[in-house]
Amino acid sequence: MNTKVFDLSKKVAIVTGSGRGLGKAMAIGLADFGANVVVCDRDRDVAEQTASTINSSGGIAVATVGDITVRQSCEALIQFTVEAFGQINVLVNNAGIDIIKSSTELTELEWDRILDVDLKGHFTSSQLVALQMIKQGAGGSIINISSIASVIGIRGLVAYSAAKGGINQLTRVMALEWAPQNIRVNAIAPGYFENIMQGAATEHDNPDKQQQIMTFTPMARRGKPEELIGPVVFLASDASSYVTGTILFVDGGYTAA
Ligand SMILES: NC(=O)c1ccc[n+]([C@@H]2O[C@H](COP(=O)([O-])OP(=O)(O)OC[C@H]3O[C@@H](n4cnc5c(N)ncnc54)[C@H](O)[C@@H]3O)[C@@H](O)[C@H]2O)c1
């Protein structure tokens, strides 16, 4: 077997929502393995910071501002990437939001907002990137960032869980449809990580929540953002050339228990 199967040096990867958190860690990791990275975030300052972290450590990255809920913005992201690097080989659909409220309190507006970002945004960017990959004729890899909430019930996450469950199904359907073009579509489903999503800080500051996470995570700790690098590089690279339609849980054993 070619031992360079994890090498990404001929690949161009877009990571949405990579201005901070898990997306930032994955963008840095993909660049460390040789990919040219497009850092995209709705917040320009943090996007530029991630790109400059990558560039100052010898990697290659460019930053752009983009909102995955706006179709024209996704089209602009693709155009920007092709102008910068000539092609797109990998898309990591990572941008996400979280509003923690009970099912009786969540407003219709909040429901729509969560579904817009966490589900529809992934659909739109995947569809447009796949069309570009089909045009290029060389296949590609799309990686959706799901969550353990896609398969288990977590109080306060009604819309988020519905969106993440939808992500798993969107992953499977797109994998089937685009397999003939060698576009692989997979998901990574993280458990509880040290980076707390924007909007979830109050919930996670609660010692009871922390205790619950420690009790129900067999490895009895939160994941470190860098622990997503191995899984994302695997799915982005030729190391996973026969892997499509799968949901890879990276959760310290949470969903195995
Ligand atoms: N942190 C965890 O423990 C955890 C666990 C499971 C799944 N996840 C998933 O991982 C992904 C990243 O989570 P995180 O913890 O890094 O979150 P975060 O809140 O720290 O970062 C999310 C980033 O996405 C950007 N973003 C939000 N909406 C956007 C939009 N419409 N367009 C473009 N960018 C947008 C934000 O500006 C931010 O930089 C999310 O999809 C989340 O659901 C996180």
# chains A, B, ... in the order shown; residues from 1 in each chain; ligands from 1
call {"tool": "residues_around", "arguments": {"residues": "segment 234-241 of chain A", "least_positions_apart": "2", "cutoff": "12 Å", "atoms": "only C-alpha atoms", "output": "count of residues only"}}
result
54
call {"tool": "closest_atom_pairs", "arguments": {"of": "chain A", "to": "ligand 1", "cutoff": "7 Å", "atoms": "only C-alpha atoms and all ligand atoms", "output": "Markdown table"}}
result
| residue | atom | partner | partner_atom_place_in_ligand_line | distance |
| --- | --- | --- | --- | --- |
| A:Thr16 | CA | ligand 1 | 34 (N) | 5.8 |
| A:Gly17 | CA | ligand 1 | 24 (O) | 3.4 |
| A:Ser18 | CA | ligand 1 | 39 (O) | 5.7 |
| A:Gly19 | CA | ligand 1 | 39 (O) | 4.4 |
| A:Arg20 | CA | ligand 1 | 39 (O) | 4.6 |
| A:Gly21 | CA | ligand 1 | 16 (O) | 3.5 |
| A:Leu22 | CA | ligand 1 | 16 (O) | 3.8 |
| A:Gly23 | CA | ligand 1 | 16 (O) | 5.4 |
| A:Cys40 | CA | ligand 1 | 33 (C) | 6.6 |
| A:Asp41 | CA | ligand 1 | 34 (N) | 4.0 |
| A:Arg42 | CA | ligand 1 | 33 (C) | 4.2 |
| A:Asp43 | CA | ligand 1 | 37 (O) | 5.2 |
| A:Val46 | CA | ligand 1 | 39 (O) | 6.9 |
| A:Gly66 | CA | ligand 1 | 33 (C) | 5.4 |
| A:Asp67 | CA | ligand 1 | 32 (N) | 3.4 |
| A:Ile68 | CA | ligand 1 | 32 (N) | 4.2 |
| A:Thr69 | CA | ligand 1 | 31 (N) | 5.2 |
| A:Asn94 | CA | ligand 1 | 41 (O) | 4.6 |
| A:Ala95 | CA | ligand 1 | 24 (O) | 3.9 |
| A:Gly96 | CA | ligand 1 | 41 (O) | 3.8 |
| A:Ile97 | CA | ligand 1 | 27 (C) | 5.4 |
| A:Asp98 | CA | ligand 1 | 43 (O) | 6.9 |
| A:Val117 | CA | ligand 1 | 31 (N) | 5.2 |
| A:Asp118 | CA | ligand 1 | 41 (O) | 6.7 |
| A:Ile145 | CA | ligand 1 | 41 (O) | 5.2 |
| A:Ser146 | CA | ligand 1 | 7 (C) | 5.7 |
| A:Ser147 | CA | ligand 1 | 7 (C) | 4.1 |
| A:Ile148 | CA | ligand 1 | 6 (C) | 6.4 |
| A:Ala189 | CA | ligand 1 | 7 (C) | 6.3 |
| A:Pro190 | CA | ligand 1 | 6 (C) | 4.3 |
| A:Gly191 | CA | ligand 1 | 5 (C) | 5.0 |
| A:Tyr192 | CA | ligand 1 | 3 (O) | 4.0 |
| A:Phe193 | CA | ligand 1 | 3 (O) | 3.7 |
| A:Glu194 | CA | ligand 1 | 3 (O) | 6.4 |
| A:Asn195 | CA | ligand 1 | 1 (N) | 4.8 |
| A:Ile196 | CA | ligand 1 | 1 (N) | 4.7 |
| A:Met197 | CA | ligand 1 | 19 (O) | 3.6 |
| A:Gln198 | CA | ligand 1 | 19 (O) | 3.9 |
call {"tool": "select_by_dssp", "arguments": {"residues": "segment 35-187 of chain A", "states": "helix (DSSP H, G or I)", "output": "VMD selection string"}}
result
chain A and resid 44 to 56 71 to 85 108 to 136 148 to 150 158 to 181
call {"tool": "closest_residue", "arguments": {"among": "A:Ile60, A:Leu115, A:Val38, A:Ile167", "to": "Phe80 of chain A", "atoms": "only C-alpha atoms"}}
result
A:Val38
call {"tool": "closest_residue", "arguments": {"among": "A:Ala84, A:Ala138, A:Met174, A:Leu157", "to": "Phe123 of chain A", "atoms": "only C-alpha atoms"}}
result
A:Met174
call {"tool": "residues_around", "arguments": {"residues": "Ser125 of chain A", "least_positions_apart": "5", "cutoff": "9 Å", "atoms": "only C-alpha atoms", "output": "list in words"}}
result
Ile68, Thr69, Arg71, Cys74, Glu75, Leu77, Ile78, Leu91, Asn93, Lys120 and Ala130 of chain A
